[in-house]
Amino acid sequence: MYYINGEWHESDQKEQITNPATLEVIDTISVCGGEETKAAIASAKEAFKTWKKTTGNERSAYLFKTVKLMKERVDELAQIITLENGKPLPDAKREVLSAISYLDWYAEEAKRIYGEVLPASHQDKSLMVIKQPVGVCGAITPWNFPLSMITRKIAPALAAGCTIVLKPALQTPLSAIKVFECFHEAGLPKGVVNLVVGPAEEIGKALTSSPDVRKLTFTGSTFIGKKLVRDSADTMKKVSMELGGHAPYIVFDDADIDLAVEGVMLSKFKNSGQTCISTNRVYAHESIAKEFAEKLAKRTAELKIGDGLEEGTDVGPLINEKALETMKNQVADAVKNNAEVVAGGKVFNYDNGDGYFFEPTVLLNATDDMVIATEETFGPIAPVFTFESEEEIIEKANNTLYGLAAYCYTKDLGRGLRMMKELEFGIIGINDPAPIVIQAPFGGIKESGMGKEGGKFGLEEYLEEKFVSIYEN
Ligand code: ADP
């Protein structure tokens, strides 16, 4: 099903959606392509003419209505996320609440878009800066947070007065369809939000090549992000790119070791490690490395792997076969280069089924020549490296093309502040494995992308500043 100009559409082209835990088909949906995407863009363009003139209060009311409808469906939405993505149900529920919180936040922000009056350099002139919506936006979202990545883009876009065409990942379109049902019921005017579900390249091309799409917002891999930026250059779109990462997780000798171990459990194994701010490289100071690694291996082995619908499951499946292959290859390469597997390390045969499960894994003796030292893992493998000095670890941590998130555990305030300044990443967690809140700017530097999502920062991405000079004659 796809949603264009306020109406749901079906087509003869069908796609099966499967549960990555069981490989069972959970739904069969209609998909669309480039032509329908062009129609969606045209409808968003038409809707923009009136939507951009609405007041912040009016847009806010629509967003609050959607919040109310989603709140009535929290359990249903969580169930859908678990079925199509695999994550444990309590985590899916947390995602739904987080998704709603973006709509709620931007329902408030819609009313608080201010311009500025500038001091003039001539006594007969008045100068001002007004903020206006960018226009029609294209949005492409991933499967790892199939619901919250959608509202994190649509909520600020609508609050700003933009209209939007959204393409969710083809692995997880069902939660997208549900949230669009809420937008529909909330009575959003025709064409303000449009949903196109189908082949990524074809839909992506329709979005990037259209001169009517004035902004492209994307969350996904750096590889695809670069392509989308290149393709958007011809029409000079504004772009926001939330791309891959390779987060270092640094544990100094003065850290609370138990706290640091628990932090890895969260940062590495939640969502089966399929989060762009997930820990990729654990660095333990050599004097505490043994104790830290033993505790980490013990806690990792305690994690319960299984179907996300089953109570007590800590770690669900990976999204597909390709992800499983990446895990196998990274472990094999690390072992070939003398890593020691102290927890997990293998494909997990859950319930004698075909699900894409991989055991939460801890590797010791990790070294820079291993593939895992540079390639994003996006799965439940924690390689443990060691280091000797602060100077050395700053250099190692920054030695990556990525710059999304970094973590540092220390009780020394001065050291924490130095790390805050020296680490070249957009998000830093100091003794905090979950540095993500709605009011904060979420986004990376270097090849992790550009632009921010969340808070007042996220709203600016959908606004344009217009300077007006008035001569009082
Ligand atoms: P992953 O490899 O983790 O699936 P991707 O970057 O491939 O990450 O996918 C993130 C989003 O980008 C998904 O919605 C996917 O369908 C979309 N996508 C993938 N390839 C393209 C493309 N060539 N053009 C536009 N969107 C794409």
# chains A, B, ... in the order shown; residues from 1 in each chain; ligands from 1
call {"tool": "select_by_dssp", "arguments": {"residues": "segment 350-403 of chain A", "states": "helix (DSSP H, G or I)", "output": "count of residues only"}}
result
15
call {"tool": "closest_atom_pairs", "arguments": {"of": "segment 237-291 of chain A", "to": "segment 391-400 of chain A", "cutoff": "12 Å", "atoms": "only C-alpha atoms", "output": "tab-separated table"}}
result
residue	atom	partner	partner_atom	distance
A:Gly244	CA	A:Thr400	CA	11.4
A:Gly245	CA	A:Thr400	CA	9.0
A:His246	CA	A:Thr400	CA	7.2
A:Ala247	CA	A:Ala397	CA	8.1
A:Pro248	CA	A:Ala397	CA	5.6
A:Tyr249	CA	A:Ala397	CA	8.3
A:Ile250	CA	A:Ile393	CA	7.9
A:Val251	CA	A:Ile393	CA	10.0
A:Phe252	CA	A:Ile393	CA	9.7
A:Thr279	CA	A:Ala397	CA	11.6
A:Asn280	CA	A:Ala397	CA	10.6
A:Arg281	CA	A:Ala397	CA	8.4
A:Val282	CA	A:Ala397	CA	9.7
A:Tyr283	CA	A:Ile393	CA	8.0
A:Ala284	CA	A:Ile393	CA	9.7
A:His285	CA	A:Ile393	CA	9.1
A:Glu286	CA	A:Ile393	CA	11.5
call {"tool": "write_last_selection", "arguments": {"atoms": "C-alpha atoms", "output": "PDB file, in the first residue's frame"}}
result
ATOM      1  CA  GLY A 244      27.138   5.167   9.355  1.00  0.00           C
ATOM      2  CA  GLY A 245      29.465   5.224  12.312  1.00  0.00           C
ATOM      3  CA  HIS A 246      32.369   3.406  13.924  1.00  0.00           C
ATOM      4  CA  ALA A 247      32.053   4.371  17.561  1.00  0.00           C
ATOM      5  CA  PRO A 248      35.027   3.945  19.881  1.00  0.00           C
ATOM      6  CA  TYR A 249      34.172   3.012  23.467  1.00  0.00           C
ATOM      7  CA  ILE A 250      37.070   3.987  25.711  1.00  0.00           C
ATOM      8  CA  VAL A 251      37.453   2.619  29.227  1.00  0.00           C
ATOM      9  CA  PHE A 252      40.192   4.337  31.227  1.00  0.00           C
ATOM     10  CA  THR A 279      29.870   0.714  19.861  1.00  0.00           C
ATOM     11  CA  ASN A 280      32.229  -0.693  17.224  1.00  0.00           C
ATOM     12  CA  ARG A 281      35.628  -0.625  18.933  1.00  0.00           C
ATOM     13  CA  VAL A 282      35.978  -1.203  22.678  1.00  0.00           C
ATOM     14  CA  TYR A 283      39.283   0.191  24.004  1.00  0.00           C
ATOM     15  CA  ALA A 284      40.229  -0.934  27.514  1.00  0.00           C
ATOM     16  CA  HIS A 285      43.268   0.509  29.300  1.00  0.00           C
ATOM     17  CA  GLU A 286      45.831  -2.291  29.518  1.00  0.00           C
TER      18      GLU A 286
END
call {"tool": "residues_around", "arguments": {"residues": "segment 31-46 of chain A", "least_positions_apart": "4", "cutoff": "9 Å", "atoms": "only C-alpha atoms", "output": "PyMOL selection string"}}
result
chain A and resi 1-5+10-15+50+135-138+162-165+190-200+202-207+210+212-213
call {"tool": "write_last_selection", "arguments": {"atoms": "N, CA and C atoms", "output": "compact mmCIF listing (two decimals), in the first residue's frame"}}
result
# COMPACT_ATOMS: atom_id res chain seq x y z
N MET A 1 0.83 -1.20 0.00
CA MET A 1 0.00 0.00 0.00
C MET A 1 0.87 1.25 0.00
N TYR A 2 0.47 2.20 -0.76
CA TYR A 2 1.16 3.48 -0.73
C TYR A 2 0.11 4.59 -0.68
N TYR A 3 0.55 5.77 -0.28
CA TYR A 3 -0.41 6.82 0.05
C TYR A 3 -0.01 8.11 -0.66
N ILE A 4 -0.84 8.49 -1.63
CA ILE A 4 -0.53 9.69 -2.41
C ILE A 4 -1.76 10.59 -2.46
N ASN A 5 -1.54 11.87 -2.23
CA ASN A 5 -2.61 12.87 -2.30
C ASN A 5 -3.82 12.50 -1.44
N GLU A 10 -3.46 0.64 -4.30
CA GLU A 10 -2.96 -0.74 -4.44
C GLU A 10 -2.41 -0.88 -5.85
N SER A 11 -1.52 -1.87 -6.06
CA SER A 11 -1.03 -2.13 -7.42
C SER A 11 -0.89 -3.63 -7.62
N ASP A 12 -0.57 -4.01 -8.85
CA ASP A 12 -0.39 -5.45 -9.13
C ASP A 12 0.97 -5.94 -8.66
N GLN A 13 1.86 -4.98 -8.46
CA GLN A 13 3.21 -5.39 -8.01
C GLN A 13 3.19 -5.61 -6.50
N LYS A 14 3.55 -6.83 -6.10
CA LYS A 14 3.46 -7.14 -4.67
C LYS A 14 4.84 -7.48 -4.10
N GLU A 15 4.96 -7.25 -2.84
CA GLU A 15 6.21 -7.57 -2.14
C GLU A 15 5.83 -8.28 -0.83
N THR A 50 -0.69 25.73 0.07
CA THR A 50 -1.55 26.17 1.17
C THR A 50 -0.96 25.81 2.54
N GLY A 135 10.26 23.68 1.48
CA GLY A 135 9.41 23.26 0.35
C GLY A 135 9.08 21.79 0.43
N VAL A 136 8.99 21.14 -0.72
CA VAL A 136 8.72 19.70 -0.74
C VAL A 136 9.98 18.96 -0.31
N CYS A 137 9.83 18.03 0.63
CA CYS A 137 10.98 17.26 1.10
C CYS A 137 10.85 15.79 0.69
N GLY A 138 11.96 15.21 0.33
CA GLY A 138 12.02 13.76 0.13
C GLY A 138 12.69 13.17 1.36
N CYS A 162 6.70 22.37 5.74
CA CYS A 162 7.06 21.64 4.52
C CYS A 162 6.05 20.53 4.26
N THR A 163 5.99 20.06 3.02
CA THR A 163 5.25 18.85 2.71
C THR A 163 6.28 17.77 2.36
N ILE A 164 5.85 16.51 2.33
CA ILE A 164 6.88 15.46 2.32
C ILE A 164 6.45 14.23 1.52
N VAL A 165 7.45 13.59 0.91
CA VAL A 165 7.27 12.27 0.27
C VAL A 165 8.27 11.34 0.96
N LYS A 190 -4.80 16.88 2.00
CA LYS A 190 -4.30 16.04 0.91
C LYS A 190 -2.92 16.48 0.44
N GLY A 191 -2.04 15.53 0.26
CA GLY A 191 -0.75 15.83 -0.35
C GLY A 191 0.32 16.33 0.62
N VAL A 192 -0.07 16.61 1.87
CA VAL A 192 0.93 17.12 2.83
C VAL A 192 1.94 16.02 3.19
N VAL A 193 1.41 14.80 3.38
CA VAL A 193 2.32 13.66 3.60
C VAL A 193 2.00 12.58 2.56
N ASN A 194 3.03 12.01 1.99
CA ASN A 194 2.87 10.97 0.96
C ASN A 194 3.84 9.84 1.27
N LEU A 195 3.36 8.62 1.03
CA LEU A 195 4.19 7.45 1.32
C LEU A 195 4.37 6.63 0.06
N VAL A 196 5.63 6.43 -0.35
CA VAL A 196 5.89 5.58 -1.51
C VAL A 196 6.72 4.39 -1.06
N VAL A 197 6.25 3.20 -1.39
CA VAL A 197 6.92 1.97 -0.95
C VAL A 197 7.30 1.20 -2.20
N GLY A 198 8.58 0.89 -2.32
CA GLY A 198 8.98 0.15 -3.52
C GLY A 198 10.48 0.13 -3.70
N PRO A 199 10.93 -0.20 -4.92
CA PRO A 199 12.36 -0.35 -5.18
C PRO A 199 13.15 0.93 -4.90
N ALA A 200 14.18 0.79 -4.09
CA ALA A 200 14.91 1.95 -3.56
C ALA A 200 15.53 2.82 -4.64
N GLU A 202 14.91 3.17 -7.87
CA GLU A 202 13.96 3.85 -8.75
C GLU A 202 13.29 5.02 -8.03
N ILE A 203 12.84 4.77 -6.82
CA ILE A 203 12.18 5.83 -6.06
C ILE A 203 13.20 6.91 -5.68
N GLY A 204 14.39 6.45 -5.29
CA GLY A 204 15.45 7.39 -4.92
C GLY A 204 15.77 8.33 -6.08
N LYS A 205 15.84 7.77 -7.27
CA LYS A 205 16.16 8.58 -8.46
C LYS A 205 15.06 9.61 -8.73
N ALA A 206 13.80 9.18 -8.59
CA ALA A 206 12.69 10.12 -8.81
C ALA A 206 12.78 11.28 -7.82
N LEU A 207 13.18 10.98 -6.60
CA LEU A 207 13.27 12.03 -5.58
C LEU A 207 14.47 12.96 -5.84
N SER A 210 14.22 15.28 -9.13
CA SER A 210 13.14 16.26 -9.28
C SER A 210 13.55 17.65 -8.80
N ASP A 212 11.53 19.84 -8.09
CA ASP A 212 10.51 20.27 -7.13
C ASP A 212 10.80 19.81 -5.71
N VAL A 213 11.66 18.81 -5.56
CA VAL A 213 12.05 18.38 -4.21
C VAL A 213 13.20 19.29 -3.77
call {"tool": "closest_atom_pairs", "arguments": {"of": "segment 190-290 of chain A", "to": "segment 303-306 of chain A", "cutoff": "10 Å", "atoms": "only C-alpha atoms", "output": "tab-separated table"}}
result
residue	atom	partner	partner_atom	distance
A:Met265	CA	A:Leu303	CA	9.0
A:Phe269	CA	A:Leu303	CA	8.9
A:Ser272	CA	A:Ile305	CA	9.5
call {"tool": "residues_near_ligand", "arguments": {"ligand": "ligand 1", "cutoff": "8 Å", "atoms": "only C-alpha atoms and all ligand atoms", "output": "number ranges by chain"}}
result
A: 140-144, 167-171, 199-205, 218-225, 227-228, 243
call {"tool": "residues_around", "arguments": {"residues": "segment 449-465 of chain A", "least_positions_apart": "5", "cutoff": "7 Å", "atoms": "only C-alpha atoms", "output": "count of residues only"}}
result
21
call {"tool": "residues_around", "arguments": {"residues": "segment 324-334 of chain A", "least_positions_apart": "5", "cutoff": "7 Å", "atoms": "only C-alpha atoms", "output": "ChimeraX atom specification"}}
result
/A:318,339,345,356,358,370-372,379
call {"tool": "residues_around", "arguments": {"residues": "Asn85 of chain A", "least_positions_apart": "3", "cutoff": "8 Å", "atoms": "only C-alpha atoms", "output": "tab-separated table (two decimals) with all heavy atoms, in the first residue's frame"}}
result
chain	number	residue	atom	x	y	z
A	19	ASN	N	9.32	-11.98	8.58
A	19	ASN	CA	9.81	-11.82	9.95
A	19	ASN	C	11.23	-12.37	10.01
A	19	ASN	O	11.44	-13.56	9.74
A	19	ASN	CB	8.85	-12.61	10.87
A	19	ASN	CG	9.29	-12.57	12.31
A	19	ASN	OD1	10.41	-12.21	12.63
A	19	ASN	ND2	8.38	-12.97	13.19
A	20	PRO	N	12.23	-11.55	10.35
A	20	PRO	CA	13.61	-12.05	10.34
A	20	PRO	C	13.91	-13.11	11.41
A	20	PRO	O	14.92	-13.79	11.34
A	20	PRO	CB	14.45	-10.79	10.58
A	20	PRO	CG	13.52	-9.83	11.24
A	20	PRO	CD	12.15	-10.14	10.74
A	81	ILE	N	6.50	-3.56	14.74
A	81	ILE	CA	7.95	-3.35	14.66
A	81	ILE	C	8.68	-4.66	14.97
A	81	ILE	O	9.62	-5.05	14.26
A	81	ILE	CB	8.39	-2.24	15.65
A	81	ILE	CG1	7.85	-0.88	15.20
A	81	ILE	CG2	9.91	-2.19	15.78
A	81	ILE	CD1	8.15	0.26	16.14
A	82	THR	N	8.25	-5.36	16.01
A	82	THR	CA	8.92	-6.61	16.36
A	82	THR	C	8.78	-7.62	15.23
A	82	THR	O	9.75	-8.31	14.89
A	82	THR	CB	8.35	-7.18	17.68
A	82	THR	OG1	8.66	-6.26	18.72
A	82	THR	CG2	8.95	-8.53	18.02
A	143	TRP	N	15.61	0.52	8.16
A	143	TRP	CA	14.80	-0.52	8.80
A	143	TRP	C	15.15	-0.71	10.28
A	143	TRP	O	14.45	-1.42	10.98
A	143	TRP	CB	15.04	-1.86	8.06
A	143	TRP	CG	16.50	-2.11	7.82
A	143	TRP	CD1	17.19	-1.84	6.67
A	143	TRP	CD2	17.47	-2.60	8.76
A	143	TRP	NE1	18.52	-2.14	6.83
A	143	TRP	CE2	18.72	-2.61	8.10
A	143	TRP	CE3	17.41	-3.04	10.07
A	143	TRP	CZ2	19.89	-3.03	8.74
A	143	TRP	CZ3	18.57	-3.46	10.70
A	143	TRP	CH2	19.80	-3.45	10.02
A	144	ASN	N	16.25	-0.12	10.75
A	144	ASN	CA	16.68	-0.45	12.12
A	144	ASN	C	15.83	0.19	13.20
A	144	ASN	O	15.64	-0.36	14.28
A	144	ASN	CB	18.17	-0.17	12.33
A	144	ASN	CG	18.55	1.27	12.15
A	144	ASN	OD1	17.81	2.05	11.53
A	144	ASN	ND2	19.69	1.67	12.67
A	146	PRO	N	12.35	1.47	12.40
A	146	PRO	CA	11.43	1.71	11.28
A	146	PRO	C	10.37	2.77	11.56
A	146	PRO	O	9.82	3.33	10.62
A	146	PRO	CB	10.79	0.34	11.04
A	146	PRO	CG	11.04	-0.46	12.26
A	146	PRO	CD	12.27	0.07	12.90
A	171	GLN	N	12.31	-3.54	3.79
A	171	GLN	CA	12.21	-4.63	4.77
A	171	GLN	C	11.14	-4.33	5.82
A	171	GLN	O	10.58	-5.24	6.42
A	171	GLN	CB	13.55	-4.81	5.52
A	171	GLN	CG	14.71	-5.26	4.67
A	171	GLN	CD	15.53	-4.08	4.16
A	171	GLN	OE1	15.01	-2.97	4.00
A	171	GLN	NE2	16.79	-4.29	3.90
A	172	THR	N	10.89	-3.02	6.08
A	172	THR	CA	10.02	-2.65	7.20
A	172	THR	C	9.00	-1.55	6.83
A	172	THR	O	8.99	-0.49	7.45
A	172	THR	CB	10.88	-2.12	8.37
A	172	THR	OG1	11.66	-1.00	7.88
A	172	THR	CG2	11.80	-3.15	8.97
A	319	ILE	N	18.80	-8.38	10.52
A	319	ILE	CA	17.74	-8.07	9.56
A	319	ILE	C	17.69	-9.05	8.39
A	319	ILE	O	16.63	-9.37	7.90
A	319	ILE	CB	17.82	-6.61	9.05
A	319	ILE	CG1	16.55	-6.21	8.32
A	319	ILE	CG2	19.06	-6.37	8.21
A	319	ILE	CD1	15.34	-6.05	9.17
call {"tool": "closest_residue", "arguments": {"among": "A:Ala405, A:Ala255, A:Ile288, A:Ile17", "to": "Asn431 of chain A", "atoms": "only C-alpha atoms"}}
result
A:Ala255
call {"tool": "residues_around", "arguments": {"residues": "Leu89 of chain A", "least_positions_apart": "3", "cutoff": "12 Å", "atoms": "only C-alpha atoms", "output": "compact mmCIF listing (two decimals) with N, CA and C atoms, in the first residue's frame"}}
result
# COMPACT_ATOMS: atom_id res chain seq x y z
N VAL A 74 -0.17 2.12 20.71
CA VAL A 74 1.23 1.82 21.07
C VAL A 74 1.51 0.32 20.95
N ASP A 75 0.63 -0.50 21.52
CA ASP A 75 0.90 -1.95 21.53
C ASP A 75 0.86 -2.53 20.12
N GLU A 76 -0.09 -2.06 19.33
CA GLU A 76 -0.21 -2.56 17.96
C GLU A 76 1.04 -2.18 17.15
N LEU A 77 1.48 -0.93 17.31
CA LEU A 77 2.67 -0.48 16.58
C LEU A 77 3.91 -1.26 17.02
N ALA A 78 4.02 -1.50 18.33
CA ALA A 78 5.19 -2.23 18.85
C ALA A 78 5.23 -3.64 18.27
N GLN A 79 4.07 -4.26 18.22
CA GLN A 79 3.97 -5.62 17.68
C GLN A 79 4.44 -5.65 16.22
N ILE A 80 4.02 -4.66 15.45
CA ILE A 80 4.41 -4.60 14.04
C ILE A 80 5.93 -4.45 13.91
N ILE A 81 6.50 -3.56 14.74
CA ILE A 81 7.95 -3.35 14.66
C ILE A 81 8.68 -4.66 14.97
N THR A 82 8.25 -5.36 16.01
CA THR A 82 8.92 -6.61 16.36
C THR A 82 8.78 -7.62 15.23
N LEU A 83 7.62 -7.69 14.63
CA LEU A 83 7.42 -8.67 13.56
C LEU A 83 8.27 -8.37 12.33
N GLU A 84 8.37 -7.10 11.96
CA GLU A 84 9.10 -6.83 10.71
C GLU A 84 10.58 -6.58 10.91
N ASN A 85 10.96 -6.14 12.12
CA ASN A 85 12.37 -5.83 12.37
C ASN A 85 13.06 -6.88 13.25
N GLY A 86 12.31 -7.50 14.15
CA GLY A 86 12.88 -8.55 15.00
C GLY A 86 13.24 -8.13 16.42
N ALA A 92 10.74 -2.46 21.15
CA ALA A 92 9.85 -1.94 20.11
C ALA A 92 8.89 -0.92 20.73
N LYS A 93 8.43 -1.22 21.93
CA LYS A 93 7.50 -0.30 22.60
C LYS A 93 8.22 1.02 22.94
N ARG A 94 9.45 0.89 23.37
CA ARG A 94 10.24 2.11 23.65
C ARG A 94 10.40 2.92 22.36
N GLU A 95 10.60 2.21 21.26
CA GLU A 95 10.72 2.94 19.98
C GLU A 95 9.43 3.68 19.64
N VAL A 96 8.30 3.04 19.87
CA VAL A 96 7.02 3.70 19.57
C VAL A 96 6.89 4.99 20.40
N ASN A 271 19.19 -3.73 20.12
CA ASN A 271 18.88 -3.72 18.68
C ASN A 271 19.85 -4.63 17.92
N GLY A 306 16.67 -14.66 20.99
CA GLY A 306 15.41 -15.30 20.60
C GLY A 306 14.48 -14.41 19.82
N ASP A 307 13.29 -14.91 19.61
CA ASP A 307 12.23 -14.18 18.93
C ASP A 307 11.84 -12.99 19.81
N GLY A 308 11.74 -11.83 19.20
CA GLY A 308 11.42 -10.62 19.95
C GLY A 308 10.08 -10.67 20.65
N LEU A 309 9.19 -11.55 20.18
CA LEU A 309 7.87 -11.65 20.81
C LEU A 309 7.92 -12.48 22.09
N GLU A 310 9.01 -13.24 22.26
CA GLU A 310 9.11 -14.12 23.42
C GLU A 310 9.57 -13.32 24.63
N GLU A 311 8.92 -13.54 25.74
CA GLU A 311 9.26 -12.77 26.94
C GLU A 311 10.69 -13.07 27.39
N GLY A 312 11.39 -12.05 27.81
CA GLY A 312 12.74 -12.23 28.34
C GLY A 312 13.83 -12.18 27.28
N THR A 313 13.46 -12.03 26.01
CA THR A 313 14.48 -11.96 24.95
C THR A 313 15.27 -10.66 25.07
N ASP A 314 16.60 -10.79 25.09
CA ASP A 314 17.46 -9.59 25.12
C ASP A 314 17.89 -9.20 23.72
N VAL A 315 18.21 -10.23 22.91
CA VAL A 315 18.78 -9.96 21.59
C VAL A 315 17.98 -10.72 20.52
N GLY A 316 17.44 -9.97 19.57
CA GLY A 316 16.67 -10.58 18.49
C GLY A 316 17.56 -10.91 17.30
call {"tool": "closest_residue", "arguments": {"among": "A:Pro433, A:Phe425, A:Lys322, A:Ile381", "to": "Ile445 of chain A", "atoms": "only C-alpha atoms"}}
result
A:Phe425
